[in-house]
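A.B. asks: Please see the structure below; I have some questions.
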Amino acid sequence: MTSINMNVNGKAVSGDVPDETLLSEFLREHLRLTGTHIGCDTSQCGACVVHIDGKAVKSCSTLAVSLEGAEVTTIEGLANGDLHPMQVAFNDNHGLQCGFCTPGMIMSGVDMVKRYKAEGKDLTSDAIRAELEGNICRCTGYHNIVKSIEDAAAKM
Amino acid sequence: MSSGIGASVKRKEDKRFTTGKGKYTDDVRNDNQAYAAFVRSPHAHARVKGIDTSAAMAMDGVIDVLNGQQLTGDGIGNIICGWAITSKDGSPMNMGAWSALATEKVRYVGDAVAVVIAETQALARIAAEAVDVDYEELPVAASVLTSMKDGAPQIHENAPGNQIYDWELGDEAAADAGLASATHITSLDLTNNRLSPNPMEPRSAVAKYDDAEDHYTLYTTSQNPHVARLVLSAFYNVAPEHKLRVIAPDVGGGFGAKIYIYPEEITCLWASMKTNRSVKWTSDRSEAFITDAHGRDHVTSAKMGFDDAGKIVGFKVDTIANIGAYMSLFSSSVPTYLYAPLLSGQYNIQNIHCNVRTYYTNTVPVDAYRGAGRPEATYLVERMMETAAREMGMDPAELRRRNFIQEFPHQTPVLMQYDAGDFPKILEMAQETADVAGFPARRAEAEARGKLRGIGYSTFIEACGLAPSKAAGSLGAGVGLWESAEVRVNPVGSIEILTGSHSHGQGHETTFAQVVADRFGVPIENVQIVHGDTDKVQFGMGTYGSRSGPVGMSAVAKALDKVEAKVRKIAAHALEASEDDIVIEGGEVKVAGTDKSMAWHEVGLAAYIAHNLPEGMEPGLKESAFFDPVNFSFPSGAFICEVEVDPDTGTTEIVQFTSADDFGTIINPMIVEGQVHGGVTQGIGQALLEQVVYDEDGQLLNGSYMDYTMPRAADVPSFHVQHHETPSPNNPLGVKGCGEAGAIGSPPAVINAITDAIGTNDLAMPATPQAVWRAIQAGAKSVAAE
Ligand code: FES
Ligand code: FES
């Protein structure tokens with residue numbers, strides 16, 4: 001057991017967890033933030049993506065104890081009151097069907113828009129498709145996910 | 001903007017999903033939660049000689065370890081297949097016994113032999129590893145071609161030679177005669193590759209036994225919670241129906257894999273009673289690959305004959321289908337009644353015969369996956385048409401056109417009566433959008449870049465909303481295939497719709513509400529859809545086979561008819577007018593030609609206050625309906641795929657994909673297009689990327705996302721999707737269903753395009769770079785060689 005302290009969605013949290021506890025498990029089972037999903041066991045699907053210190057990370061592949069003092073944002077904490085433009089764009093463009101991949105898609109989408117903007121690069125639809133390499137959706141065929149991220153990029 | 005039928009209304013349900021507030025089964029945690037982990041066979045075929053649980057039982061935090069002898073000893077019944085198929089010699093199918101926890105034998109890698117219940121999930125898994133099972137390994141038949149051979153290992157005692165049935169449809173003599181009269185015959189040997197459905201949410205079950213009430217609650221990832229409850233109670237004897245509540249909350253995709261009742265749900269319910277704890281099991285992805293029912297897995301030889309004019313004169317099909325180690329709920333119907341009746345495609349074919357033999361193998365059970373039987377039929381028919389056109393030197397679109405059915409209703413020789421369609425029209429739409437005329441120039445331009453460009457068609461039909469119940473029953477179905485709805489108009493005028501359909505991504509909370517808004521002109525926000533809970537909703541059949549539109553919504557429409565009739569009576573009485581003069585629009589109930597009217601909510605209130613109702617009328621405003629269609633509905637489509645192949649690497653890029661679909665009446669175009677995108681992508685997955693692979697010993701070789709290639713965003717293009725509506729006459733809304741069309745129609749379009757590009761007819765799915773490169777090396781063309 002290790003005791004950890006981090007900041008999740010703007011709130012200080014702490015807990016005693018076994019060392020092997022994954023961040024995904026810490027979020028879902030200890031903090032009951034169940035918007036972060038688990039879709040695979042080989043770090044491929046991206047349903048578990050959260051932001052750690054502003055960067056998109058797969059929470060299923062991150063040990064909770066490695067995050068002492070980190071700032072973690074999950075899908076539940078993305079919006080600041082109103083919905084985040086990415087959340088609005090997914091609704092506007094029908095970027096989700098069953099919704100299971102959606103939290104990860106949105107967290108990855110926000111991260112890629114920010115990165116491209118910071119680097120002054122154009123986030124083309126081809127670039128979005130390439131960036132989504134680590135996010136699998138079985139429902140939408142990606143067409144509307146790509147549209148959603150493009151749309152949000154224009155508004156962020 | 002209108003929110004009625006035909007409007008692309010944004011989804012009402014999205015907010016909870018985009019904010020992480022969806023409630024999926026694994027998100028449920030009860031107060032006295034315990035966790036289950038299954039002890040699974042590492043062997044594909046073995047006798048279970050003993051199970052030593054002592055080490056596991058001794059671990060701290062292990063509550064119990066339960067096995068199959070205890071399960072059957074408690075009277076839990078075997079898992080059944082719900083569709084009885086009769087062999088052509090009149091004998092019944094050979095269904096082998098399937099216990100939720102194996103007792104004497106295990107028959108596939110992953111077959112469960114015991115379950116550990118522990119305080120945490122991690123502990124349960126560690127303890128499951130400590131259960132020592134003594135196996136005596138038996139010889140394995142891991143493919144259908146092995147299991148059908150003489151002397152193959154016997155998998156179930158009551159299925160000699162591993163055969164489950166030998167079934168036929170159509171007139172063999174007529175098909176033979178047709179082929180004998182043909183001036184050209186095209187022959188094809190095809191394999192329809194085995195797939196894993198892979199909804200992104202893994203299956204999960206949370207069972208809770210209440211000993212004071214002797215009552216069970218099951219949260220589960222189900223497409224059809226009422227059917228689950230019925231089967232769990234009537235066949236598996238887990239609990240009487242009135243003592244079992246099944247809730248399918250938000251479900252993260254189904255695609256068929258979540259229709260069936262699996263060993264895990266049965267075991268969790270039973271274990272919750274045994275341990276008096278709530279028991280939860282959530283599959284991880286690796287476990288999903290070895291327990292979720294797989295799809296497809298057919299081997300087919302077929303011949304199609306044509307006359308001088310290119311008209312089809314005979315079609316003969318011989319199919320061998322793999323059922324896996326046990327017969328899953330609908331497994332028997334998939335390669336029979338969901339397959340052979342679709343072999344007429346969009347074409348006027350008088351003489352068809354299809355023979356289907358199914359066999360057990362030492363693999364995961366095989367059942368319906370998006371399309372179920374119809375993709376297999378479509379792949380065969382559409383590859384046949386394209387290949388025949390090439391062999392006869394005809395334009396593949398022209399060959400199709402010559403054979404299109406033009407008059408409706410149309411009776412095929414394989415059971416189906418097609419309802420409505422306009423096949424030439426949708427083909428023309430697709431050809432225009434895809435700019436087929438410009439293809440030669442695009443091909444030349446690609447060639448200049450060293451790429452092989454090809455174009456492929458698929459003009460297909462499918463059958464949705466399996467019906468009517470009586471006909472399905474006469475073909476062996478164990479259930480009726482109607483749907484139910486209840487419409488509750490509350491005293492304040494807001495409306496609740498209780499539907500037996502289940503949404504796991506389809507957007508029912510929006511589209512079903514549109515049907516109501518369209519009828520009464522009430523705001524869509526005032527309509528709430530309730531589904532997925534057997535305690536709240538009347539018995540319903542659930543969602544699969546693209547049935548929620550044609551059957552589920554039709555039940556809603558029928559219940560709305562009854563509500564409307566009562567509203568007219570109440571308003572006519574209150575407004576002192578004739579019922580015939582009552583008009584309901586824009587949220588008002590008016591008397592035509594006068595200024596007399598009542599607001600919608602006033603009628604609702606009047607129904608419940610009941611101070612001024614017509615003589616003899618019961619108070620309240622709540623009606624229910626069961627809708628049993630008179631026939632299937634038959635969506636049709638024309639898909640055109642254009643690819644570029646790199647001859648050096650065999651890599652295929654889909655550069656353009658065009659669809660023109662006829663789904664009948666469309667409720668919400670945005671949602672329908674989304675269904676097409678997703679379905680086509682799954683079809684592209686089948687054509688290019690996906691295949692479940694077993695080795696000879698029955699070990700699954702690609703049971704993770706590292707090895708089984710799911711389509712990623714960069715594997716698919718943006719799609720051009722369009723619609724033409726010929727409403728189905730078989731239901732009140734004219735809808736035909738749209739969930740499966742994409743997955744049904746796309747694989748042959750992709751393969752036809754690749755084979756056009758590389759100049760061969762010999763290419764199997766999945767057309768991986770290696771397979772395509774090999775086909776090119778085997779004599780198909782390369783740019784340099786031309
Ligand atoms: S759950 Fe983290 S990548 Fe799949
Ligand atoms: S919306 Fe279902 S997996 Fe993406």
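Starting from 1 in every chain, residues are counted up; chains themselves are A, B, ... following the order of the structure tokens, and ligands are numbered from 1 as listed.
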Between chain B and chain A, at 8 Å or less, what are the per-residue closest atom pairs and their distances in Å? Count only C-alpha atoms, order by chain and rising residue number, and return it as a Markdown table.
C.D. replies:
| residue | atom | partner | partner_atom | distance |
| --- | --- | --- | --- | --- |
| B:Lys10 | CA | A:Asp92 | CA | 6.4 |
| B:Arg11 | CA | A:Asn91 | CA | 6.8 |
| B:Asp14 | CA | A:Asn91 | CA | 6.1 |
| B:Lys15 | CA | A:Asn91 | CA | 7.6 |
| B:Phe17 | CA | A:Gly99 | CA | 5.3 |
| B:Thr18 | CA | A:Gln87 | CA | 5.6 |
| B:Thr19 | CA | A:Glu76 | CA | 5.5 |
| B:Gly20 | CA | A:Gly35 | CA | 3.8 |
| B:Lys21 | CA | A:Gly35 | CA | 6.0 |
| B:Gly22 | CA | A:Gly35 | CA | 7.0 |
| B:Asp27 | CA | A:Thr34 | CA | 6.0 |
| B:Asn198 | CA | A:Arg138 | CA | 7.3 |
| B:Pro199 | CA | A:Arg138 | CA | 6.1 |
| B:Met200 | CA | A:Gly39 | CA | 5.6 |
| B:Glu201 | CA | A:Gly39 | CA | 5.8 |
| B:Pro202 | CA | A:Gly39 | CA | 6.5 |
| B:Asp250 | CA | A:Cys98 | CA | 7.9 |
| B:Val251 | CA | A:Cys98 | CA | 6.8 |
| B:Gly252 | CA | A:Cys98 | CA | 4.8 |
| B:Gly253 | CA | A:Cys98 | CA | 5.4 |
| B:Asp284 | CA | A:Cys40 | CA | 6.3 |
| B:Arg285 | CA | A:Cys40 | CA | 4.7 |
| B:Ser286 | CA | A:Asp41 | CA | 7.0 |
| B:His504 | CA | A:Cys98 | CA | 5.4 |
| B:Gly505 | CA | A:Cys98 | CA | 3.5 |
| B:Gln506 | CA | A:Gln97 | CA | 6.3 |
| B:Gly507 | CA | A:Gln97 | CA | 6.9 |
| B:Met670 | CA | A:His94 | CA | 7.2 |
| B:Ile671 | CA | A:His94 | CA | 7.4 |
| B:Gly674 | CA | A:Thr140 | CA | 6.0 |
| B:Gln675 | CA | A:Thr140 | CA | 7.1 |
| B:His677 | CA | A:Gly141 | CA | 4.9 |
| B:Gly678 | CA | A:Gly141 | CA | 4.1 |
| B:Gly679 | CA | A:Gly141 | CA | 7.3 |
| B:Val680 | CA | A:Gly141 | CA | 7.3 |
| B:Thr681 | CA | A:Gly141 | CA | 5.0 |
| B:Gln682 | CA | A:Arg138 | CA | 7.5 |
| B:Ser704 | CA | A:Thr42 | CA | 7.2 |
| B:Tyr705 | CA | A:Gln44 | CA | 6.3 |
| B:Met706 | CA | A:Thr42 | CA | 6.8 |
| B:Met710 | CA | A:Ile136 | CA | 7.5 |
| B:Pro711 | CA | A:Ile136 | CA | 7.6 |
| B:Arg712 | CA | A:Ile136 | CA | 6.0 |
| B:Ala713 | CA | A:Arg129 | CA | 4.9 |
| B:Ala714 | CA | A:Arg129 | CA | 4.8 |
| B:Val716 | CA | A:Gly141 | CA | 7.5 |
| B:Pro717 | CA | A:His143 | CA | 7.5 |
| B:Ser718 | CA | A:His143 | CA | 5.4 |
| B:Phe719 | CA | A:His143 | CA | 7.1 |
A.B. asks: When DSSP is applied to the backbone of this structure, which of stretch 137-339 of chain B are assigned helix (DSSP H, G or I)? Write them out as JSON, numbers by chain.
C.D. replies: {"B": [144, 145, 146, 147, 160, 161, 162, 172, 173, 174, 175, 176, 177, 178, 179, 180, 225, 226, 227, 228, 229, 230, 231, 232, 233, 234, 241, 242, 243, 263, 264, 265, 266, 267, 268, 269, 270, 271, 272, 273, 274, 275, 285, 286, 287, 288, 289, 290, 291]}
A.B. asks: Enumerate the residues of stretch 352-389 of chain B with a DSSP assignment of strand (DSSP E), computed from the backbone, and present them as JSON, numbers by chain.
C.D. replies: {"B": [352, 353, 354, 355, 356, 357, 358, 359, 360]}
A.B. asks: Write out as a count of residues only which residues come within 12 Å of B:Lys49 when counting only C-alpha atoms, dropping same-chain ones fewer than 6 positions away.
C.D. replies: 12
A.B. asks: Using only C-alpha atoms, find the one residue out of B:His601, B:His242, B:Arg47, B:His724 that sits nearest to B:Pro669.
C.D. replies: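 For B:Pro669, the nearest of the given residues is B:His724.
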A.B. asks: Find the residues around A:Met6 up to 10 Å (only C-alpha atoms counted), leave out those fewer than 4 positions away in its own chain, and share them as a PyMOL selection string.
C.D. replies: chain A and resi 10-15+64-65+67-72
A.B. asks: Just checking: using only C-alpha atoms, which residue out of B:Asn32, B:Thr120, B:Gln350, B:Thr387 ends up closest to B:Asp210?
C.D. replies: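 For B:Asp210, the nearest of the given residues is B:Asn32.
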A.B. asks: Write out as a list in words each polymer residue whose atoms come within 10 Å of A:Asp111, counting only C-alpha atoms; drop sequence neighbours fewer than 2 positions from it.
C.D. replies: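 With the cut-off at 10 Å, the set is Val50, His51, Gly54, Lys55, Ala56, Val57, Met105, Ile106, Met107, Ser108, Gly109, Val113, Lys114, Arg115, Tyr116 and Lys117 of chain A.
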A.B. asks: Suppose you want the space between atom CA of B:Ala638 and atom CA of B:Ile751; what is it in Å?
C.D. replies: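 Distance reported for this atom pair: 14.9 Å.
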A.B. asks: Neighbouring residues of A:Asp16 were defined as those with any atom within 7 Å, considering only C-alpha atoms; residues of the same chain fewer than 2 positions away were excluded. Please report them as a PyMOL selection string.
C.D. replies: chain A and resi 1-4
A.B. asks: Please, could you write that set of residues out with N, CA, C and O atoms as a PDB file, in the first residue's frame?
C.D. replies:
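Contents of the output file result-v6.pdb:
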ATOM      1  N   MET A   1       0.841  -1.203   0.000  1.00  0.00           N
ATOM      2  CA  MET A   1       0.000   0.000   0.000  1.00  0.00           C
ATOM      3  C   MET A   1       0.878   1.257   0.000  1.00  0.00           C
ATOM      4  O   MET A   1       1.849   1.333   0.745  1.00  0.00           O
ATOM      5  N   THR A   2       0.485   2.179  -0.817  1.00  0.00           N
ATOM      6  CA  THR A   2       1.188   3.460  -0.833  1.00  0.00           C
ATOM      7  C   THR A   2       0.136   4.542  -0.728  1.00  0.00           C
ATOM      8  O   THR A   2      -0.945   4.415  -1.296  1.00  0.00           O
ATOM      9  N   SER A   3       0.469   5.577  -0.009  1.00  0.00           N
ATOM     10  CA  SER A   3      -0.507   6.660   0.064  1.00  0.00           C
ATOM     11  C   SER A   3      -0.160   7.707  -1.001  1.00  0.00           C
ATOM     12  O   SER A   3       1.007   8.032  -1.214  1.00  0.00           O
ATOM     13  N   ILE A   4      -1.183   8.138  -1.710  1.00  0.00           N
ATOM     14  CA  ILE A   4      -0.942   9.075  -2.807  1.00  0.00           C
ATOM     15  C   ILE A   4      -1.824  10.303  -2.657  1.00  0.00           C
ATOM     16  O   ILE A   4      -2.917  10.252  -2.103  1.00  0.00           O
TER      17      ILE A   4
END
A.B. asks: From the options B:Glu642, B:Gly521, B:Gly650, B:Val9, which residue's atoms come nearest to B:Ala599, counting only C-alpha atoms?
C.D. replies: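 Distance minimum relative to B:Ala599 lands on B:Gly521.
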A.B. asks: Write out as a ChimeraX atom specification each polymer residue whose atoms come within 9 Å of B:Gly170, counting only C-alpha atoms; drop sequence neighbours fewer than 5 positions from it.
C.D. replies: /B:175,340-341,351-355,413-415
A.B. asks: Can you write out the residues you just picked, keeping N, CA, C and O atoms, as a PDB file, in the first residue's frame?
C.D. replies:
ATOM      1  N   ALA B 175     -32.871 -25.976 -60.107  1.00  0.00           N
ATOM      2  CA  ALA B 175     -31.581 -25.282 -60.189  1.00  0.00           C
ATOM      3  C   ALA B 175     -30.641 -26.025 -61.132  1.00  0.00           C
ATOM      4  O   ALA B 175     -29.937 -25.408 -61.948  1.00  0.00           O
ATOM      5  N   ALA B 340     -29.958 -18.382 -46.581  1.00  0.00           N
ATOM      6  CA  ALA B 340     -30.412 -18.876 -47.886  1.00  0.00           C
ATOM      7  C   ALA B 340     -31.551 -18.048 -48.503  1.00  0.00           C
ATOM      8  O   ALA B 340     -31.564 -17.847 -49.724  1.00  0.00           O
ATOM      9  N   PRO B 341     -32.509 -17.549 -47.720  1.00  0.00           N
ATOM     10  CA  PRO B 341     -33.581 -16.748 -48.333  1.00  0.00           C
ATOM     11  C   PRO B 341     -33.100 -15.428 -48.946  1.00  0.00           C
ATOM     12  O   PRO B 341     -33.862 -14.765 -49.633  1.00  0.00           O
ATOM     13  N   ASN B 351     -34.579 -20.096 -60.311  1.00  0.00           N
ATOM     14  CA  ASN B 351     -34.151 -21.417 -59.847  1.00  0.00           C
ATOM     15  C   ASN B 351     -32.964 -21.302 -58.894  1.00  0.00           C
ATOM     16  O   ASN B 351     -31.849 -21.039 -59.310  1.00  0.00           O
ATOM     17  N   ILE B 352     -33.245 -21.498 -57.611  1.00  0.00           N
ATOM     18  CA  ILE B 352     -32.179 -21.418 -56.605  1.00  0.00           C
ATOM     19  C   ILE B 352     -32.262 -22.658 -55.733  1.00  0.00           C
ATOM     20  O   ILE B 352     -33.349 -23.089 -55.340  1.00  0.00           O
ATOM     21  N   HIS B 353     -31.104 -23.213 -55.439  1.00  0.00           N
ATOM     22  CA  HIS B 353     -31.066 -24.277 -54.435  1.00  0.00           C
ATOM     23  C   HIS B 353     -29.864 -24.049 -53.540  1.00  0.00           C
ATOM     24  O   HIS B 353     -28.780 -23.707 -54.008  1.00  0.00           O
ATOM     25  N   CYS B 354     -30.079 -24.222 -52.247  1.00  0.00           N
ATOM     26  CA  CYS B 354     -28.989 -24.042 -51.295  1.00  0.00           C
ATOM     27  C   CYS B 354     -28.988 -25.189 -50.301  1.00  0.00           C
ATOM     28  O   CYS B 354     -30.032 -25.527 -49.734  1.00  0.00           O
ATOM     29  N   ASN B 355     -27.840 -25.787 -50.120  1.00  0.00           N
ATOM     30  CA  ASN B 355     -27.671 -26.833 -49.120  1.00  0.00           C
ATOM     31  C   ASN B 355     -26.714 -26.322 -48.042  1.00  0.00           C
ATOM     32  O   ASN B 355     -25.681 -25.741 -48.369  1.00  0.00           O
ATOM     33  N   PRO B 413     -37.887 -17.663 -55.217  1.00  0.00           N
ATOM     34  CA  PRO B 413     -38.065 -19.102 -54.990  1.00  0.00           C
ATOM     35  C   PRO B 413     -37.519 -19.548 -53.634  1.00  0.00           C
ATOM     36  O   PRO B 413     -37.545 -20.736 -53.325  1.00  0.00           O
ATOM     37  N   VAL B 414     -36.985 -18.609 -52.857  1.00  0.00           N
ATOM     38  CA  VAL B 414     -36.432 -18.961 -51.543  1.00  0.00           C
ATOM     39  C   VAL B 414     -37.160 -18.194 -50.434  1.00  0.00           C
ATOM     40  O   VAL B 414     -36.568 -17.399 -49.700  1.00  0.00           O
ATOM     41  N   LEU B 415     -38.437 -18.383 -50.356  1.00  0.00           N
ATOM     42  CA  LEU B 415     -39.335 -17.929 -49.271  1.00  0.00           C
ATOM     43  C   LEU B 415     -39.741 -16.461 -49.267  1.00  0.00           C
ATOM     44  O   LEU B 415     -40.826 -16.128 -48.807  1.00  0.00           O
TER      45      LEU B 415
END
A.B. asks: In Å to one decimal, how far is atom CA of B:Phe255 from atom CA of B:Gly739?
C.D. replies: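 Answer for the atom CA of B:Gly739 to atom CA of B:Phe255 separation: 9.1 Å.
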